[in-house]
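Colleague: Following this line is structure-v4.pdb, made up of PDB, C-alpha atoms:
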ATOM      1  CA  MET A   1      45.316  47.511 -23.202
ATOM      2  CA  VAL A   2      45.333  48.001 -19.443
ATOM      3  CA  ASP A   3      49.071  48.256 -18.902
ATOM      4  CA  ARG A   4      51.141  51.064 -20.367
ATOM      5  CA  THR A   5      54.456  49.365 -19.588
ATOM      6  CA  ARG A   6      53.352  46.283 -21.468
ATOM      7  CA  ALA A   7      52.072  48.284 -24.435
ATOM      8  CA  GLU A   8      55.430  50.037 -24.681
ATOM      9  CA  SER A   9      57.629  46.974 -24.289
ATOM     10  CA  LEU A  10      55.590  44.990 -26.813
ATOM     11  CA  SER A  11      56.278  47.742 -29.365
ATOM     12  CA  VAL A  12      52.736  47.781 -30.667
ATOM     13  CA  PRO A  13      52.372  50.251 -33.564
ATOM     14  CA  ARG A  14      49.705  52.189 -31.684
ATOM     15  CA  GLY A  15      48.507  51.512 -28.163
ATOM     16  CA  LEU A  16      45.419  52.736 -26.367
ATOM     17  CA  VAL A  17      45.656  52.276 -22.603
ATOM     18  CA  LEU A  18      42.499  52.228 -20.520
ATOM     19  CA  ARG A  19      42.481  51.940 -16.762
ATOM     20  CA  PHE A  20      39.749  49.332 -16.956
ATOM     21  CA  PRO A  21      39.552  45.976 -15.165
ATOM     22  CA  PHE A  22      41.225  43.069 -16.936
ATOM     23  CA  GLY A  23      39.105  41.381 -19.552
ATOM     24  CA  ARG A  24      36.960  44.320 -20.556
ATOM     25  CA  PRO A  25      39.087  46.167 -23.101
ATOM     26  CA  PHE A  26      36.184  47.930 -24.823
ATOM     27  CA  GLY A  27      34.271  48.688 -21.644
ATOM     28  CA  ALA A  28      31.740  47.289 -19.264
ATOM     29  CA  PRO A  29      29.268  44.654 -20.391
ATOM     30  CA  GLY A  30      25.946  46.279 -21.172
ATOM     31  CA  ASN A  31      27.440  49.731 -21.698
ATOM     32  CA  PRO A  32      27.391  50.228 -25.475
ATOM     33  CA  ASP A  33      28.149  53.952 -25.164
ATOM     34  CA  GLN A  34      31.379  53.214 -23.305
ATOM     35  CA  GLN A  35      32.345  50.499 -25.799
ATOM     36  CA  ARG A  36      31.680  52.869 -28.657
ATOM     37  CA  VAL A  37      33.741  55.686 -27.141
ATOM     38  CA  VAL A  38      36.699  53.312 -26.799
ATOM     39  CA  LEU A  39      36.328  51.861 -30.293
ATOM     40  CA  GLU A  40      36.117  55.349 -31.776
ATOM     41  CA  ASP A  41      39.232  56.386 -29.853
ATOM     42  CA  ALA A  42      41.111  53.358 -31.162
ATOM     43  CA  LEU A  43      40.020  53.972 -34.750
ATOM     44  CA  THR A  44      40.783  57.671 -34.525
ATOM     45  CA  MET A  45      44.261  56.825 -33.349
ATOM     46  CA  LEU A  46      44.927  54.994 -36.618
ATOM     47  CA  SER A  47      45.320  58.345 -38.327
ATOM     48  CA  SER A  48      46.144  60.661 -35.439
ATOM     49  CA  ALA A  49      49.131  58.725 -34.064
ATOM     50  CA  ARG A  50      52.223  60.506 -35.301
ATOM     51  CA  GLU A  51      54.985  58.015 -34.732
ATOM     52  CA  PRO A  52      55.492  54.244 -34.401
ATOM     53  CA  GLY A  53      54.867  52.983 -30.906
ATOM     54  CA  GLU A  54      52.755  55.886 -29.690
ATOM     55  CA  VAL A  55      50.859  54.834 -26.570
ATOM     56  CA  ARG A  56      47.949  56.954 -25.461
ATOM     57  CA  THR A  57      46.475  56.659 -21.972
ATOM     58  CA  MET A  58      42.827  57.646 -21.819
ATOM     59  CA  PRO A  59      41.436  59.437 -18.758
ATOM     60  CA  TYR A  60      38.181  57.514 -18.449
ATOM     61  CA  ARG A  61      37.168  56.418 -14.972
ATOM     62  CA  TRP A  62      35.605  53.044 -15.708
ATOM     63  CA  ARG A  63      31.938  53.348 -14.657
ATOM     64  CA  ARG A  64      32.153  56.915 -13.403
ATOM     65  CA  GLU A  65      31.877  58.647 -16.763
ATOM     66  CA  ASP A  66      28.792  59.673 -18.684
ATOM     67  CA  TYR A  67      29.772  58.036 -21.958
ATOM     68  CA  GLY A  68      26.506  59.030 -23.596
ATOM     69  CA  ARG A  69      27.393  62.657 -22.939
ATOM     70  CA  ILE A  70      30.904  62.143 -24.316
ATOM     71  CA  LEU A  71      29.410  60.767 -27.535
ATOM     72  CA  ALA A  72      26.859  63.564 -27.726
ATOM     73  CA  GLU A  73      29.565  66.221 -27.302
ATOM     74  CA  ARG A  74      31.833  64.461 -29.747
ATOM     75  CA  HIS A  75      29.222  64.255 -32.442
ATOM     76  CA  GLY A  76      27.602  67.631 -32.086
ATOM     77  CA  GLY A  77      24.758  66.775 -29.816
ATOM     78  CA  MET A  78      23.463  63.818 -31.786
ATOM     79  CA  SER A  79      22.844  61.013 -29.357
ATOM     80  CA  ALA A  80      24.382  58.191 -31.324
ATOM     81  CA  GLY A  81      24.934  59.495 -34.812
ATOM     82  CA  ILE A  82      28.129  60.690 -36.361
TER      83      ILE A  82
ATOM     84  CA  MET B   1      27.116  33.430 -23.933
ATOM     85  CA  ALA B   2      27.873  30.125 -22.300
ATOM     86  CA  ILE B   3      31.044  29.667 -20.322
ATOM     87  CA  GLU B   4      32.388  26.529 -18.797
ATOM     88  CA  LEU B   5      32.144  27.027 -15.051
ATOM     89  CA  SER B   6      34.703  24.299 -14.568
ATOM     90  CA  ASP B   7      37.165  26.424 -16.541
ATOM     91  CA  LEU B   8      36.631  29.310 -14.150
ATOM     92  CA  ILE B   9      37.298  27.063 -11.192
ATOM     93  CA  LYS B  10      40.560  26.014 -12.833
ATOM     94  CA  ASN B  11      41.733  29.573 -12.569
ATOM     95  CA  PRO B  12      41.763  30.791  -8.978
ATOM     96  CA  GLU B  13      44.042  33.622 -10.037
ATOM     97  CA  THR B  14      41.198  35.273 -11.922
ATOM     98  CA  ALA B  15      40.405  37.983  -9.458
ATOM     99  CA  PRO B  16      38.636  41.327  -9.540
ATOM    100  CA  PHE B  17      41.936  42.870  -8.451
ATOM    101  CA  SER B  18      43.238  42.269 -11.965
ATOM    102  CA  LYS B  19      47.014  42.481 -11.957
ATOM    103  CA  LEU B  20      47.168  41.763  -8.247
ATOM    104  CA  LYS B  21      46.604  38.154  -9.224
ATOM    105  CA  TYR B  22      50.366  38.068  -9.739
ATOM    106  CA  LEU B  23      50.768  38.334  -5.966
ATOM    107  CA  LYS B  24      50.664  34.564  -5.873
ATOM    108  CA  TRP B  25      54.036  34.490  -7.624
ATOM    109  CA  THR B  26      55.523  37.120  -5.318
ATOM    110  CA  PRO B  27      57.877  36.259  -2.429
ATOM    111  CA  GLU B  28      56.086  35.822   0.879
ATOM    112  CA  ASP B  29      57.750  38.778   2.604
ATOM    113  CA  GLU B  30      56.601  41.096  -0.188
ATOM    114  CA  VAL B  31      53.059  39.764   0.079
ATOM    115  CA  THR B  32      53.127  40.436   3.827
ATOM    116  CA  GLU B  33      54.413  43.951   3.195
ATOM    117  CA  PHE B  34      51.683  44.494   0.609
ATOM    118  CA  PHE B  35      48.910  43.528   3.002
ATOM    119  CA  ASN B  36      50.459  45.530   5.837
ATOM    120  CA  ARG B  37      50.496  48.669   3.747
ATOM    121  CA  LEU B  38      46.990  48.004   2.459
ATOM    122  CA  PHE B  39      45.759  47.520   6.026
ATOM    123  CA  HIS B  40      47.316  50.793   7.177
ATOM    124  CA  LEU B  41      45.914  52.717   4.219
ATOM    125  CA  ASN B  42      42.543  51.154   4.922
ATOM    126  CA  VAL B  43      42.607  52.322   8.532
ATOM    127  CA  ALA B  44      43.638  55.831   7.488
ATOM    128  CA  ALA B  45      40.924  55.951   4.817
ATOM    129  CA  ARG B  46      38.281  54.944   7.332
ATOM    130  CA  GLU B  47      39.387  57.838   9.555
ATOM    131  CA  THR B  48      39.461  60.455   6.841
ATOM    132  CA  GLY B  49      36.780  59.154   4.508
ATOM    133  CA  ASP B  50      39.205  59.613   1.605
ATOM    134  CA  TRP B  51      39.693  56.279  -0.144
ATOM    135  CA  SER B  52      41.743  57.590  -3.038
ATOM    136  CA  PRO B  53      45.103  56.574  -1.457
ATOM    137  CA  VAL B  54      43.800  52.984  -1.285
ATOM    138  CA  ASP B  55      42.753  53.168  -4.922
ATOM    139  CA  ARG B  56      46.104  54.585  -5.934
ATOM    140  CA  PHE B  57      48.038  52.016  -3.921
ATOM    141  CA  LEU B  58      46.187  49.117  -5.542
ATOM    142  CA  GLU B  59      46.735  50.559  -9.027
ATOM    143  CA  GLU B  60      50.430  51.224  -8.480
ATOM    144  CA  GLU B  61      51.141  47.941  -6.761
ATOM    145  CA  GLY B  62      49.323  46.090  -9.539
ATOM    146  CA  ASP B  63      51.539  47.758 -12.134
ATOM    147  CA  ARG B  64      54.683  47.167 -10.091
ATOM    148  CA  ILE B  65      53.987  43.499  -9.400
ATOM    149  CA  ALA B  66      52.942  42.815 -12.994
ATOM    150  CA  ALA B  67      56.105  44.481 -14.271
ATOM    151  CA  THR B  68      58.255  42.443 -11.893
ATOM    152  CA  VAL B  69      56.656  39.038 -12.116
ATOM    153  CA  ALA B  70      55.016  38.855 -15.520
ATOM    154  CA  ARG B  71      57.696  40.421 -17.646
ATOM    155  CA  PRO B  72      56.372  41.080 -21.112
ATOM    156  CA  MET B  73      58.281  40.183 -24.237
ATOM    157  CA  THR B  74      60.279  42.981 -25.744
ATOM    158  CA  PHE B  75      61.042  43.824 -29.358
ATOM    159  CA  ASP B  76      63.697  46.020 -30.883
ATOM    160  CA  ASP B  77      61.616  47.599 -33.589
ATOM    161  CA  THR B  78      58.051  48.787 -33.952
ATOM    162  CA  PRO B  79      56.000  47.845 -37.006
ATOM    163  CA  TRP B  80      54.326  50.808 -38.619
ATOM    164  CA  SER B  81      52.003  51.475 -41.514
ATOM    165  CA  PRO B  82      50.754  55.030 -41.946
ATOM    166  CA  PHE B  83      46.981  55.295 -42.123
ATOM    167  CA  LYS B  84      46.139  57.797 -44.802
ATOM    168  CA  LYS B  85      42.574  57.087 -45.884
ATOM    169  CA  ARG B  86      39.467  58.622 -44.425
ATOM    170  CA  LEU B  87      37.902  56.318 -41.847
ATOM    171  CA  SER B  88      34.565  56.657 -43.614
ATOM    172  CA  GLU B  89      36.145  55.168 -46.734
ATOM    173  CA  SER B  90      38.171  52.498 -44.944
ATOM    174  CA  LYS B  91      37.684  48.853 -44.202
ATOM    175  CA  VAL B  92      38.489  48.025 -40.603
ATOM    176  CA  ALA B  93      38.753  44.827 -38.627
ATOM    177  CA  VAL B  94      38.057  44.405 -34.937
ATOM    178  CA  LEU B  95      39.886  41.419 -33.464
ATOM    179  CA  SER B  96      40.170  40.073 -29.956
ATOM    180  CA  THR B  97      42.375  37.843 -27.857
ATOM    181  CA  GLY B  98      39.500  36.998 -25.525
ATOM    182  CA  GLY B  99      39.011  33.361 -26.522
ATOM    183  CA  VAL B 100      35.658  33.847 -28.268
ATOM    184  CA  TYR B 101      34.545  31.028 -30.555
ATOM    185  CA  ILE B 102      31.328  29.713 -32.048
ATOM    186  CA  GLU B 103      29.408  26.643 -31.025
ATOM    187  CA  GLY B 104      30.485  23.837 -33.309
ATOM    188  CA  GLN B 105      34.035  25.175 -33.657
ATOM    189  CA  LYS B 106      36.799  23.530 -31.687
ATOM    190  CA  PRO B 107      37.122  25.341 -28.347
ATOM    191  CA  PHE B 108      40.494  26.940 -27.625
ATOM    192  CA  ASP B 109      42.826  24.883 -25.477
ATOM    193  CA  THR B 110      42.985  27.017 -22.350
ATOM    194  CA  ASP B 111      46.370  25.592 -21.397
ATOM    195  CA  GLY B 112      47.885  27.384 -24.388
ATOM    196  CA  ASP B 113      46.668  27.749 -27.961
ATOM    197  CA  TRP B 114      47.961  29.871 -30.834
ATOM    198  CA  SER B 115      45.203  28.984 -33.283
ATOM    199  CA  TYR B 116      42.402  31.342 -34.239
ATOM    200  CA  ARG B 117      38.709  31.160 -35.054
ATOM    201  CA  GLU B 118      36.731  32.999 -37.687
ATOM    202  CA  ILE B 119      33.769  34.896 -36.279
ATOM    203  CA  PRO B 120      31.162  36.284 -38.678
ATOM    204  CA  LEU B 121      29.900  39.587 -37.314
ATOM    205  CA  ASP B 122      26.300  38.446 -37.668
ATOM    206  CA  THR B 123      26.777  35.352 -35.513
ATOM    207  CA  PRO B 124      23.704  34.940 -33.273
ATOM    208  CA  LEU B 125      24.611  35.740 -29.673
ATOM    209  CA  ASP B 126      23.398  32.387 -28.418
ATOM    210  CA  GLN B 127      26.018  30.639 -30.554
ATOM    211  CA  LEU B 128      28.991  32.505 -29.116
ATOM    212  CA  ARG B 129      31.209  30.765 -26.584
ATOM    213  CA  VAL B 130      34.368  31.656 -24.732
ATOM    214  CA  ALA B 131      37.304  29.481 -23.700
ATOM    215  CA  HIS B 132      39.920  31.379 -21.716
ATOM    216  CA  THR B 133      40.932  30.868 -18.115
ATOM    217  CA  HIS B 134      43.376  33.731 -17.650
ATOM    218  CA  TYR B 135      41.029  36.640 -17.279
ATOM    219  CA  ASP B 136      37.667  37.177 -15.681
ATOM    220  CA  THR B 137      35.284  35.949 -18.397
ATOM    221  CA  THR B 138      32.066  36.862 -16.605
ATOM    222  CA  GLY B 139      32.092  40.175 -18.517
ATOM    223  CA  VAL B 140      32.371  38.654 -21.966
ATOM    224  CA  ALA B 141      29.815  36.023 -21.017
ATOM    225  CA  GLU B 142      27.358  38.840 -20.381
ATOM    226  CA  ASP B 143      28.262  40.996 -23.377
ATOM    227  CA  VAL B 144      30.671  39.949 -26.112
ATOM    228  CA  ASP B 145      31.277  43.571 -27.107
ATOM    229  CA  SER B 146      33.225  44.185 -23.909
ATOM    230  CA  VAL B 147      36.085  42.165 -25.478
ATOM    231  CA  LEU B 148      35.147  41.919 -29.158
ATOM    232  CA  ALA B 149      33.294  45.040 -30.262
ATOM    233  CA  MET B 150      31.620  43.267 -33.187
ATOM    234  CA  HIS B 151      28.293  45.051 -32.835
ATOM    235  CA  ARG B 152      29.787  48.455 -32.080
ATOM    236  CA  VAL B 153      31.837  48.415 -35.281
ATOM    237  CA  GLN B 154      28.739  47.511 -37.295
ATOM    238  CA  GLU B 155      26.984  50.519 -35.774
ATOM    239  CA  LEU B 156      29.866  52.732 -36.860
ATOM    240  CA  VAL B 157      29.442  51.402 -40.390
ATOM    241  CA  SER B 158      25.683  52.075 -40.265
ATOM    242  CA  ASP B 159      26.376  55.605 -39.068
ATOM    243  CA  GLY B 160      28.880  56.241 -41.832
ATOM    244  CA  MET B 161      31.899  56.789 -39.616
ATOM    245  CA  VAL B 162      33.544  53.606 -40.910
ATOM    246  CA  GLY B 163      33.358  52.448 -44.523
ATOM    247  CA  GLU B 164      33.234  48.719 -43.984
ATOM    248  CA  ALA B 165      33.863  46.161 -41.246
ATOM    249  CA  LEU B 166      35.662  42.904 -41.959
ATOM    250  CA  THR B 167      33.547  39.798 -41.589
ATOM    251  CA  PRO B 168      34.273  37.166 -40.574
ATOM    252  CA  THR B 169      36.766  38.593 -38.134
ATOM    253  CA  TYR B 170      39.411  36.708 -36.194
ATOM    254  CA  SER B 171      39.462  35.618 -32.603
ATOM    255  CA  PHE B 172      42.469  34.438 -30.638
ATOM    256  CA  MET B 173      42.881  33.122 -27.109
ATOM    257  CA  GLY B 174      45.601  35.178 -25.520
ATOM    258  CA  TYR B 175      47.096  32.643 -23.132
ATOM    259  CA  ILE B 176      50.001  31.387 -25.207
ATOM    260  CA  PRO B 177      52.963  30.426 -22.998
ATOM    261  CA  ASP B 178      55.025  29.526 -26.062
ATOM    262  CA  PRO B 179      54.163  32.156 -28.670
ATOM    263  CA  SER B 180      56.417  30.816 -31.419
ATOM    264  CA  GLY B 181      53.460  29.296 -33.317
ATOM    265  CA  LEU B 182      51.639  32.611 -33.139
ATOM    266  CA  MET B 183      54.663  34.566 -34.286
ATOM    267  CA  GLU B 184      55.703  32.218 -37.058
ATOM    268  CA  VAL B 185      52.429  30.754 -38.301
ATOM    269  CA  THR B 186      49.051  32.128 -37.275
ATOM    270  CA  GLY B 187      50.048  35.769 -36.739
ATOM    271  CA  PRO B 188      51.532  36.167 -40.233
ATOM    272  CA  GLU B 189      48.687  34.071 -41.694
ATOM    273  CA  VAL B 190      45.981  36.347 -40.296
ATOM    274  CA  ALA B 191      47.977  39.453 -41.248
ATOM    275  CA  GLU B 192      48.191  38.171 -44.822
ATOM    276  CA  ARG B 193      44.450  37.443 -44.879
ATOM    277  CA  LEU B 194      43.723  40.947 -43.608
ATOM    278  CA  LYS B 195      45.826  42.406 -46.395
ATOM    279  CA  GLU B 196      44.183  40.194 -49.009
ATOM    280  CA  ASP B 197      40.774  41.318 -47.772
ATOM    281  CA  GLY B 198      41.755  44.944 -48.220
ATOM    282  CA  VAL B 199      41.652  45.829 -44.542
ATOM    283  CA  ASP B 200      43.030  49.312 -43.897
ATOM    284  CA  GLY B 201      43.140  49.288 -40.105
ATOM    285  CA  VAL B 202      42.861  46.802 -37.262
ATOM    286  CA  VAL B 203      41.781  47.227 -33.654
ATOM    287  CA  ILE B 204      42.659  44.365 -31.304
ATOM    288  CA  GLY B 205      40.846  44.138 -28.003
ATOM    289  CA  THR B 206      43.409  42.538 -25.717
ATOM    290  CA  THR B 207      42.552  40.673 -22.568
TER     291      THR B 207
END
Can the structure in the file be given as structure tokens, please?
Modeller:
Amino acid sequence: MVDRTRAESLSVPRGLVLRFPFGRPFGAPGNPDQQRVVLEDALTMLSSAREPGEVRTMPYRWRREDYGRILAERHGGMSAGI
Amino acid sequence: MAIELSDLIKNPETAPFSKLKYLKWTPEDEVTEFFNRLFHLNVAARETGDWSPVDRFLEEEGDRIAATVARPMTFDDTPWSPFKKRLSESKVAVLSTGGVYIEGQKPFDTDGDWSYREIPLDTPLDQLRVAHTHYDTTGVAEDVDSVLAMHRVQELVSDGMVGEALTPTYSFMGYIPDPSGLMEVTGPEVAERLKEDGVDGVVIGTT
């Protein structure tokens, strides 16, 4: 979601807020690394959210992150593997 | 992915300034004030070379205007199901409200539609379509995964991070001025199908 207020008032079980432009919830077109980072964050939140209605705002700066590096760091230096 | 250009033209409020599209429903004096402040910040930023106050202003005003004009629905309680399985042993579904459908299916009615479409994850890209006039669909037209991460979730399955991905998945069109049909019919129907299919967790890409 792009709007924390909305995520909270809608009482979604778990909400992941990204400061991305409208209409690109998983990331920019043509940026699979960014889309994957976001999808992983959302899936991880399934188990890591501790209470109903937890809304997590992610710090990503739209196109100004190196999402490939984030994935590599997350997965122990493997470029795309887990 | 093909989009109907005429649909885009129908929606002049689709703007790169995202939530600022709600300005059109804002009283004229507030719009004037908005542009005055933006103009002053712009002048100051040109002097200093620091554009972050302009960025911040646009973000904050977008939030403020959206909260004022487009009030979201509110609910008293929050549904909750604990997720206890390992992701690598789970079946997950990735859904979207982005109006994606497949050629041959009935397009969503962009004036309001609470129905859904089934989207097999292996649908060839050239058969995907989008019908939605309340967000900027040029992104999804270029890459469906920006709103429906159907290929990304398959990669996670291939890599072993996720056990299984639901296919076909479900696609909605999020412009639903009267959501009663969604809340009473199609929402519960899809939830029941997800349970019947043994889905452990759902990610919805909202537009």
Colleague: Hey, which of A:Phe26, A:Leu71, A:Leu16, A:Glu54 ends up closest to Leu39 (chain A)? Count all atoms listed in the file.
Modeller: A:Phe26
Colleague: Would you please work out which residue, of B:Lys106, B:His134, B:Arg46, B:Arg37, is nearest to Lys19 (chain B) when using all atoms listed in the file?
Modeller: B:His134
Colleague: Which one is closest to chain A: B:Ala131, B:Val92, B:Ala165, B:Val43? Count only C-alpha atoms.
Modeller: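 Ranking B:Ala131, B:Val92, B:Ala165, B:Val43 by distance to chain A, first place goes to B:Val92.
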Colleague: Counting all atoms listed in the file, give me one row per residue of chain B with an atom at most 7 Å from an atom of chain A, showing the shortest contact pair and its distance in Å to one decimal, sorted by chain then residue number, as CSV.
Modeller:
residue,atom,partner,partner_atom,distance
B:Ser18,CA,A:Phe22,CA,5.4
B:Pro72,CA,A:Arg6,CA,6.0
B:Met73,CA,A:Leu10,CA,6.1
B:Thr74,CA,A:Ser9,CA,5.0
B:Phe75,CA,A:Leu10,CA,6.1
B:Asp77,CA,A:Ser11,CA,6.8
B:Thr78,CA,A:Ser11,CA,5.0
B:Pro79,CA,A:Pro13,CA,5.5
B:Trp80,CA,A:Pro13,CA,5.4
B:Phe83,CA,A:Ser47,CA,5.1
B:Lys84,CA,A:Ser47,CA,6.5
B:Tyr135,CA,A:Gly23,CA,5.6
B:Asp136,CA,A:Gly23,CA,5.9
B:Thr137,CA,A:Gly23,CA,6.7
B:Gly139,CA,A:Pro29,CA,5.6
B:Val140,CA,A:Pro29,CA,6.9
B:Glu142,CA,A:Pro29,CA,6.1
B:Asp143,CA,A:Pro29,CA,4.8
B:Asp145,CA,A:Phe26,CA,6.9
B:Ser146,CA,A:Phe26,CA,4.9
B:Val147,CA,A:Arg24,CA,5.4
B:Ala149,CA,A:Phe26,CA,6.8
B:Arg152,CA,A:Arg36,CA,5.9
B:Asp159,CA,A:Gly81,CA,5.9
B:Met161,CA,A:Ile82,CA,6.3
B:Gly201,CA,A:Leu46,CA,6.9
B:Val203,CA,A:Ala42,CA,6.7
B:Gly205,CA,A:Pro25,CA,5.6
B:Thr206,CA,A:Met1,CA,5.9
B:Thr207,CA,A:Gly23,CA,4.6
Colleague: List the neighbours of Thr110 (chain B) out to 10 Å using all atoms listed in the file; skip same-chain residues closer than 2 positions along the sequence, and give me the result as a VMD selection string.
Modeller: chain B and resid 7 10 99 107 to 108 112 to 113 131 to 134 173 to 176
Colleague: Please, what distance in Å, to one decimal, runs between CA of Phe34 (chain B) and CA of Glu61 (chain B)?
Modeller: 8.2 Å
Colleague: Please list as a PyMOL selection string every residue within 9 Å of Ala93 (chain B), counting only C-alpha atoms and excluding residues in the same chain fewer than 6 positions away.
Modeller: chain B and resi 153+164-167+169-170+194+199-204
Colleague: For CA of Pro53 (chain B) and CA of Leu20 (chain B), quote the distance in Å rounded to one decimal.
Modeller: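 For CA of Pro53 (chain B) relative to CA of Leu20 (chain B), the distance reads 16.4 Å.
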Colleague: Would you work out the distance separating CA of Leu121 (chain B) from CA of Val190 (chain B), expressed in Å to one decimal?
Modeller: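 So the two atoms, CA of Leu121 (chain B) and CA of Val190 (chain B), lie 16.7 Å apart.
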Colleague: Suppose a student applies the PyMOL selection byres ((chain B and resi 24-27) around 12) to this structure; what residues should they get, written as a ChimeraX atom specification?
Modeller: /B:12-15,19-23,28-34,61-62,64-70
Colleague: Could I get region 165-172 of chain B rebuilt with all heavy atoms, written as an mmCIF file, keeping the file's coordinate frame?
Modeller:
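Done, and the output landed in out_29.cif:
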data_model
loop_
_atom_site.group_PDB
_atom_site.id
_atom_site.type_symbol
_atom_site.label_atom_id
_atom_site.label_comp_id
_atom_site.auth_asym_id
_atom_site.auth_seq_id
_atom_site.Cartn_x
_atom_site.Cartn_y
_atom_site.Cartn_z
ATOM 1 N N ALA B 165 33.258 46.965 -42.316
ATOM 2 C CA ALA B 165 33.863 46.161 -41.246
ATOM 3 C C ALA B 165 34.128 44.756 -41.776
ATOM 4 O O ALA B 165 33.263 44.171 -42.438
ATOM 5 C CB ALA B 165 32.937 46.093 -40.034
ATOM 6 N N LEU B 166 35.305 44.243 -41.484
ATOM 7 C CA LEU B 166 35.662 42.904 -41.959
ATOM 8 C C LEU B 166 34.800 41.832 -41.289
ATOM 9 O O LEU B 166 34.657 41.807 -40.070
ATOM 10 C CB LEU B 166 37.127 42.593 -41.634
ATOM 11 C CG LEU B 166 37.561 41.167 -42.022
ATOM 12 C CD1 LEU B 166 37.777 41.061 -43.524
ATOM 13 C CD2 LEU B 166 38.812 40.754 -41.262
ATOM 14 N N THR B 167 34.232 40.971 -42.111
ATOM 15 C CA THR B 167 33.547 39.798 -41.589
ATOM 16 C C THR B 167 33.790 38.621 -42.512
ATOM 17 O O THR B 167 33.779 38.816 -43.727
ATOM 18 C CB THR B 167 32.039 40.057 -41.399
ATOM 19 O OG1 THR B 167 31.442 38.889 -40.806
ATOM 20 C CG2 THR B 167 31.327 40.382 -42.698
ATOM 21 N N PRO B 168 34.089 37.422 -42.002
ATOM 22 C CA PRO B 168 34.273 37.166 -40.574
ATOM 23 C C PRO B 168 35.556 37.820 -40.057
ATOM 24 O O PRO B 168 36.496 38.037 -40.818
ATOM 25 C CB PRO B 168 34.382 35.639 -40.518
ATOM 26 C CG PRO B 168 34.845 35.222 -41.870
ATOM 27 C CD PRO B 168 34.281 36.224 -42.823
ATOM 28 N N THR B 169 35.549 38.074 -38.741
ATOM 29 C CA THR B 169 36.766 38.593 -38.134
ATOM 30 C C THR B 169 37.493 37.441 -37.439
ATOM 31 O O THR B 169 37.086 36.281 -37.550
ATOM 32 C CB THR B 169 36.452 39.743 -37.160
ATOM 33 O OG1 THR B 169 37.693 40.348 -36.778
ATOM 34 C CG2 THR B 169 35.707 39.253 -35.929
ATOM 35 N N TYR B 170 38.571 37.765 -36.769
ATOM 36 C CA TYR B 170 39.411 36.708 -36.194
ATOM 37 C C TYR B 170 39.492 36.818 -34.682
ATOM 38 O O TYR B 170 39.601 37.911 -34.128
ATOM 39 C CB TYR B 170 40.816 36.775 -36.809
ATOM 40 C CG TYR B 170 40.795 36.585 -38.301
ATOM 41 C CD1 TYR B 170 40.869 37.673 -39.163
ATOM 42 C CD2 TYR B 170 40.632 35.311 -38.849
ATOM 43 C CE1 TYR B 170 40.811 37.506 -40.539
ATOM 44 C CE2 TYR B 170 40.568 35.130 -40.222
ATOM 45 C CZ TYR B 170 40.668 36.234 -41.062
ATOM 46 O OH TYR B 170 40.595 36.058 -42.419
ATOM 47 N N SER B 171 39.432 35.674 -34.057
ATOM 48 C CA SER B 171 39.462 35.618 -32.603
ATOM 49 C C SER B 171 40.608 34.718 -32.149
ATOM 50 O O SER B 171 40.762 33.602 -32.664
ATOM 51 C CB SER B 171 38.129 35.060 -32.095
ATOM 52 O OG SER B 171 38.208 34.761 -30.718
ATOM 53 N N PHE B 172 41.390 35.224 -31.227
ATOM 54 C CA PHE B 172 42.469 34.438 -30.638
ATOM 55 C C PHE B 172 42.181 34.208 -29.157
ATOM 56 O O PHE B 172 41.303 34.849 -28.583
ATOM 57 C CB PHE B 172 43.812 35.176 -30.768
ATOM 58 C CG PHE B 172 44.363 35.211 -32.174
ATOM 59 C CD1 PHE B 172 43.961 36.186 -33.075
ATOM 60 C CD2 PHE B 172 45.298 34.265 -32.591
ATOM 61 C CE1 PHE B 172 44.468 36.216 -34.374
ATOM 62 C CE2 PHE B 172 45.815 34.289 -33.882
ATOM 63 C CZ PHE B 172 45.407 35.268 -34.769
#
